[in-house]
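Below: one structure, written as structure tokens.
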Number of protein chains: 2
Amino acid sequence: MSKILVVDDEFRIRQIIRKYAEFEGYEVEEATDGMQAIAICRQKEFDLIIMDVMMPELDGFSACREIRKFRDTPIIMLSARGEEYDKIHGFELGSDDYVVKPFSPKELMMRVGAVIKRSGKGAEPQKNDVFTYEGLEVNFSARTVTIDGKRVEMTPKEYDLFFYMVRNKGIALTRESLISEVWGYDFFGDERTLDTHIKLLRKSLGDYSRCIVTLRGVGYRFETV
Amino acid sequence: MSKILVVDDEFRIRQIIRKYAEFEGYEVEEATDGMQAIAICRQKEFDLIIMDVMMPELDGFSACREIRKFRDTPIIMLSARGEEYDKIHGFELGSDDYVVKPFSPKELMMRVGAVIKRSGKGAEPQKNDVFTYEGLEVNFSARTVTIDGKRVEMTPKEYDLFFYMVRNKGIALTRESLISEVWGYDFFGDERTLDTHIKLLRKSLGDYSRCIVTLRGVGYRFETV
DNA sequence: AATTTTTCTGAAAGTTTTATGAAAGGGAGT
DNA sequence: ACTCCCTTTCATAAAACTTTCAGAAAAATT
């Protein structure tokens, strides 16, 4: 189980990252500014640090430089669009990757996975891997779906949506929660986008589309009869 | 038991939110403007703040910003449709969610539950997720009803009405309270609408329609003999 | 028993919500 | 810059649900 340190002054951001990271099976700790981050890092080793650039007390760049004096921990920097772009891009401060705010949690998690894998230290998190129901098999970590032994190809969004629904099987999921979980907390697109993806997903599922139930006025539910 | 602070200058709104929140098992305090909210927050910690945007003295945005300086409490903003839409949507003020007035209490409470759960601090109030009586089974989180193992399909209003009655089983519910709880505080339709939905609900419940008792001159009650 | 009040019911009209197909938009790779 | 594939938007169609209304029925009152 890999350990991640999240450093950001905004509670909301820490909260979002924690939620997604824990969902992926990581262990999360938090710090609200650079000074605190350094202090925590002196005591404890992490497999990855996710750090905001703009923070009170001590900014992300300085903290990063300081931590690098005694630790090799991979660091992913977060920054508002345009903010100090050059510096980040140049990786002059020794960060391993950077992500622009507002970020898509999914994308951040992919980077997290990539960086940790690359660093080769932390073990990739183990999650409950396979869900089966009759001829339907969903392999979360392989990111595959098979029906009657036959592989079903899906688009990324279909996987995201479907996996989220399967992981929450038997629970009424509101449109709002589906959108904010699958698209991210900052998606404000068309109301009908979700419908369209449900449509595509149902098409991909063929016979098993019966598992996706419309809850009028609420949202959808994945159920195994 | 999670604590919620409701900030709104309209008594009516505070009253409605208090009522619903207490019904869901939260503890509620009130403030009538931003200044007061800040003062209360300095003294006490809440698990969630529900705050109106438009208020005398100090508006919701400013109050939100101020409170964020010393507290991480999740905040849900309330605003009239169209009002400051952009700001809210941009999450620039650090609120965790927003709800447009006039809101449906049901939707607001779902968001409250989601935000509090997400923040992970306050314990989610335990509502029994499944209610059973003889062959009748009501699963609130799945939003399903089964009779003798057989799924009963209902319309949205039937679910809302029925779930509300079951959650208040054994209690006399006045027509007024049923309407304002299920339809919302701003429903001004026909007197007979409730009757019609009770009729439909009874039809769906078949044998178990005996559990819905008419209280002449008052309203209805759900009872398990 | 007649009258008044309240609830029940079925049908029709009205509204809202979801499904769908086509097309436009976007991004990664060539 | 072009192509391909995926995502999103949009307009329309199709369901599904809600509300209204008026007459019947039931209960309470006079």
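Lettering and numbering for the structure tokens are positional, with chains as A, B, ... in the shown order, residues counted from 1 in each chain, and ligands counted from 1 in the shown order.
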Using only C-alpha atoms (C1' of nucleotides), select each residue of chain C with any atom at most 12 Å away from an atom of chain B, and give the selection as an mmCIF file with N, CA and C atoms (P, O5', C5', C4', C3', O3' and C1' of nucleotides), in the first residue's frame.
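Contents of out.cif, as written:
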data_model
loop_
_atom_site.group_PDB
_atom_site.id
_atom_site.type_symbol
_atom_site.label_atom_id
_atom_site.label_comp_id
_atom_site.auth_asym_id
_atom_site.auth_seq_id
_atom_site.Cartn_x
_atom_site.Cartn_y
_atom_site.Cartn_z
ATOM 1 P P DT C 5 -70.341 22.536 4.536
ATOM 2 O "O5'" DT C 5 -69.261 21.392 4.740
ATOM 3 C "C5'" DT C 5 -69.154 20.766 6.022
ATOM 4 C "C4'" DT C 5 -68.253 19.564 5.895
ATOM 5 C "C3'" DT C 5 -66.963 19.829 5.117
ATOM 6 O "O3'" DT C 5 -65.876 19.456 5.943
ATOM 7 C "C1'" DT C 5 -68.008 17.848 4.346
ATOM 8 P P DT C 6 -64.412 19.777 5.530
ATOM 9 O "O5'" DT C 6 -63.940 18.355 5.015
ATOM 10 C "C5'" DT C 6 -64.086 17.230 5.871
ATOM 11 C "C4'" DT C 6 -63.809 15.976 5.076
ATOM 12 C "C3'" DT C 6 -62.545 16.047 4.221
ATOM 13 O "O3'" DT C 6 -61.648 15.038 4.668
ATOM 14 C "C1'" DT C 6 -64.372 15.114 3.017
ATOM 15 P P DT C 7 -60.273 14.830 4.014
ATOM 16 O "O5'" DT C 7 -60.568 13.544 3.110
ATOM 17 C "C5'" DT C 7 -61.097 12.370 3.715
ATOM 18 C "C4'" DT C 7 -61.475 11.375 2.652
ATOM 19 C "C3'" DT C 7 -60.338 10.935 1.730
ATOM 20 O "O3'" DT C 7 -60.346 9.504 1.721
ATOM 21 C "C1'" DT C 7 -62.218 11.546 0.462
ATOM 22 P P DC C 8 -59.282 8.705 0.931
ATOM 23 O "O5'" DC C 8 -60.104 8.295 -0.362
ATOM 24 C "C5'" DC C 8 -61.213 7.418 -0.214
ATOM 25 C "C4'" DC C 8 -61.768 7.074 -1.583
ATOM 26 C "C3'" DC C 8 -60.747 6.537 -2.580
ATOM 27 O "O3'" DC C 8 -61.235 5.300 -3.080
ATOM 28 C "C1'" DC C 8 -61.982 8.331 -3.530
ATOM 29 P P DT C 9 -60.338 4.413 -4.012
ATOM 30 O "O5'" DT C 9 -60.761 4.924 -5.450
ATOM 31 C "C5'" DT C 9 -62.148 4.957 -5.794
ATOM 32 C "C4'" DT C 9 -62.312 5.512 -7.184
ATOM 33 C "C3'" DT C 9 -61.219 5.100 -8.160
ATOM 34 O "O3'" DT C 9 -61.828 4.389 -9.207
ATOM 35 C "C1'" DT C 9 -61.687 7.430 -8.306
ATOM 36 P P DG C 10 -60.943 3.490 -10.175
ATOM 37 O "O5'" DG C 10 -61.223 4.198 -11.574
ATOM 38 C "C5'" DG C 10 -62.569 4.549 -11.906
ATOM 39 C "C4'" DG C 10 -62.552 5.518 -13.069
ATOM 40 C "C3'" DG C 10 -61.542 5.157 -14.163
ATOM 41 O "O3'" DG C 10 -62.186 5.334 -15.423
ATOM 42 C "C1'" DG C 10 -61.112 7.367 -13.364
ATOM 43 P P DT C 16 -43.209 21.644 -16.565
ATOM 44 O "O5'" DT C 16 -42.445 20.253 -16.397
ATOM 45 C "C5'" DT C 16 -42.844 19.360 -15.354
ATOM 46 C "C4'" DT C 16 -42.066 18.085 -15.495
ATOM 47 C "C3'" DT C 16 -40.560 18.293 -15.699
ATOM 48 O "O3'" DT C 16 -39.906 17.518 -14.726
ATOM 49 C "C1'" DT C 16 -41.430 16.818 -17.343
ATOM 50 P P DT C 17 -38.339 17.510 -14.604
ATOM 51 O "O5'" DT C 17 -38.001 16.147 -15.341
ATOM 52 C "C5'" DT C 17 -38.636 14.961 -14.912
ATOM 53 C "C4'" DT C 17 -38.205 13.837 -15.815
ATOM 54 C "C3'" DT C 17 -36.698 13.791 -16.060
ATOM 55 O "O3'" DT C 17 -36.243 12.510 -15.682
ATOM 56 C "C1'" DT C 17 -37.897 13.660 -18.104
#
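The interface of chain D with chain B at 8 Å, considering only C-alpha atoms (C1' of nucleotides), consists of DC17, DT19 and DT20 of chain D.
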Using only C-alpha atoms, I'd like every residue of chain B that has an atom within 6 Å of chain A; please write them out as a ChimeraX atom specification.
/B:72,141-142
Following least-squares superposition on chain B, chain A shows a C-alpha RMSD, over all atoms in order, of 2.1 Å
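The protein and nucleic acid residues lying at most 10 Å from Phe131 (chain A) are A:Leu136, A:Glu137, A:Val138, A:Asn139, A:Phe140, A:Val145, A:Phe163, A:Val166, A:Arg167, with only C-alpha atoms (C1' of nucleotides) considered and sequence neighbours fewer than 5 positions away removed.
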Expressed in Å to a single decimal, how great is the separation between CA of Met55 (chain A) and CA of Lys3 (chain A)?
22.0 Å
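Atom pair CA of Ile17 (chain B) / CA of Gly219 (chain B) has a distance of 22.7 Å (rounded to one decimal).
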Please, which residues of region 4-213 of chain B, numbered as in this document, come out strand (DSSP E) from DSSP, as a PyMOL selection string?
chain B and resi 4-7+27-31+48-52+75-80+97-101+130-133+136-139+144-147+150-152+173-174+212-213
Would you mind exporting the chosen residues as a short mmCIF file (atom, residue, chain, number, x, y, z; two decimals), in the first residue's frame, restricted to N, CA and C atoms?
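Writing done, so here's result_25.cif:
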data_model
loop_
_atom_site.label_atom_id
_atom_site.label_comp_id
_atom_site.auth_asym_id
_atom_site.auth_seq_id
_atom_site.Cartn_x
_atom_site.Cartn_y
_atom_site.Cartn_z
N ILE B 4 -25.15 21.22 11.80
CA ILE B 4 -25.26 22.07 10.61
C ILE B 4 -25.60 23.49 11.01
N LEU B 5 -24.96 24.45 10.34
CA LEU B 5 -25.32 25.85 10.57
C LEU B 5 -26.05 26.35 9.33
N VAL B 6 -27.25 26.88 9.55
CA VAL B 6 -28.04 27.40 8.44
C VAL B 6 -28.02 28.92 8.48
N VAL B 7 -27.55 29.53 7.39
CA VAL B 7 -27.44 30.99 7.35
C VAL B 7 -28.32 31.55 6.25
N GLU B 27 -28.19 18.09 13.81
CA GLU B 27 -28.42 19.11 14.82
C GLU B 27 -28.27 20.45 14.10
N VAL B 28 -29.20 21.35 14.31
CA VAL B 28 -29.20 22.58 13.51
C VAL B 28 -29.06 23.85 14.34
N GLU B 29 -28.24 24.78 13.85
CA GLU B 29 -28.20 26.12 14.43
C GLU B 29 -28.45 27.11 13.32
N GLU B 30 -28.84 28.32 13.69
CA GLU B 30 -29.18 29.29 12.67
C GLU B 30 -28.45 30.61 12.84
N ALA B 31 -28.26 31.28 11.70
CA ALA B 31 -27.73 32.64 11.72
C ALA B 31 -28.48 33.40 10.65
N LEU B 48 -21.13 21.16 8.67
CA LEU B 48 -21.57 21.70 7.39
C LEU B 48 -22.25 23.05 7.62
N ILE B 49 -22.05 23.93 6.64
CA ILE B 49 -22.75 25.22 6.68
C ILE B 49 -23.58 25.33 5.42
N ILE B 50 -24.84 25.69 5.58
CA ILE B 50 -25.69 25.95 4.41
C ILE B 50 -25.92 27.45 4.42
N MET B 51 -25.48 28.12 3.37
CA MET B 51 -25.53 29.58 3.41
C MET B 51 -26.13 30.20 2.17
N ASP B 52 -26.99 31.18 2.39
CA ASP B 52 -27.60 31.90 1.29
C ASP B 52 -26.59 32.90 0.74
N ILE B 75 -19.14 23.91 2.86
CA ILE B 75 -20.21 24.90 2.73
C ILE B 75 -21.05 24.62 1.49
N ILE B 76 -22.36 24.65 1.68
CA ILE B 76 -23.27 24.56 0.53
C ILE B 76 -23.91 25.93 0.37
N MET B 77 -23.80 26.50 -0.82
CA MET B 77 -24.38 27.82 -1.04
C MET B 77 -25.78 27.71 -1.64
N LEU B 78 -26.63 28.61 -1.23
CA LEU B 78 -27.98 28.69 -1.79
C LEU B 78 -28.06 29.97 -2.60
N SER B 79 -28.67 29.89 -3.77
CA SER B 79 -28.84 31.13 -4.52
C SER B 79 -30.06 31.07 -5.39
N ALA B 80 -30.62 32.23 -5.66
CA ALA B 80 -31.76 32.29 -6.56
C ALA B 80 -31.26 31.94 -7.95
N ASP B 97 -20.62 22.87 -2.68
CA ASP B 97 -21.75 22.54 -3.54
C ASP B 97 -22.64 23.76 -3.54
N TYR B 98 -23.58 23.78 -4.45
CA TYR B 98 -24.52 24.89 -4.42
C TYR B 98 -25.88 24.38 -4.83
N VAL B 99 -26.90 25.02 -4.35
CA VAL B 99 -28.25 24.62 -4.65
C VAL B 99 -29.04 25.85 -5.02
N VAL B 100 -29.84 25.71 -6.06
CA VAL B 100 -30.60 26.85 -6.55
C VAL B 100 -31.98 26.92 -5.90
N LYS B 101 -32.36 28.14 -5.50
CA LYS B 101 -33.70 28.35 -4.95
C LYS B 101 -34.69 28.57 -6.07
N VAL B 130 -33.06 -0.27 5.21
CA VAL B 130 -34.10 -1.16 4.73
C VAL B 130 -35.18 -1.31 5.79
N PHE B 131 -36.41 -1.20 5.37
CA PHE B 131 -37.52 -1.40 6.28
C PHE B 131 -38.27 -2.65 5.83
N THR B 132 -38.61 -3.52 6.77
CA THR B 132 -39.35 -4.73 6.41
C THR B 132 -40.55 -4.91 7.30
N TYR B 133 -41.60 -5.38 6.71
CA TYR B 133 -42.80 -5.70 7.48
C TYR B 133 -43.52 -6.81 6.73
N LEU B 136 -43.36 -7.14 2.95
CA LEU B 136 -43.05 -5.83 2.36
C LEU B 136 -41.64 -5.39 2.70
N GLU B 137 -40.89 -5.05 1.67
CA GLU B 137 -39.52 -4.59 1.92
C GLU B 137 -39.26 -3.28 1.20
N VAL B 138 -38.79 -2.31 1.97
CA VAL B 138 -38.50 -1.00 1.39
C VAL B 138 -37.02 -0.71 1.55
N ASN B 139 -36.33 -0.58 0.43
CA ASN B 139 -34.90 -0.29 0.47
C ASN B 139 -34.68 1.15 0.04
N THR B 144 -35.97 0.98 -3.89
CA THR B 144 -36.81 -0.11 -4.39
C THR B 144 -37.81 -0.54 -3.33
N VAL B 145 -38.89 -1.13 -3.83
CA VAL B 145 -39.91 -1.71 -2.95
C VAL B 145 -40.21 -3.11 -3.48
N THR B 146 -40.22 -4.09 -2.60
CA THR B 146 -40.59 -5.43 -3.04
C THR B 146 -41.68 -5.98 -2.14
N ILE B 147 -42.57 -6.72 -2.75
CA ILE B 147 -43.64 -7.38 -2.00
C ILE B 147 -43.54 -8.86 -2.28
N LYS B 150 -41.15 -9.85 -4.81
CA LYS B 150 -41.36 -9.36 -6.17
C LYS B 150 -41.24 -7.83 -6.20
N ARG B 151 -40.45 -7.36 -7.12
CA ARG B 151 -40.21 -5.93 -7.25
C ARG B 151 -41.47 -5.18 -7.64
N VAL B 152 -41.75 -4.10 -6.93
CA VAL B 152 -42.89 -3.25 -7.28
C VAL B 152 -42.38 -1.97 -7.91
N LEU B 173 -49.79 11.96 9.74
CA LEU B 173 -49.21 13.00 8.90
C LEU B 173 -50.33 13.83 8.29
N THR B 174 -50.31 15.10 8.53
CA THR B 174 -51.37 15.95 7.98
C THR B 174 -51.18 16.11 6.48
N ILE B 212 -51.83 1.95 4.70
CA ILE B 212 -52.03 3.39 4.57
C ILE B 212 -53.44 3.73 5.02
N VAL B 213 -53.52 4.33 6.16
CA VAL B 213 -54.81 4.62 6.79
C VAL B 213 -55.21 6.07 6.59
#
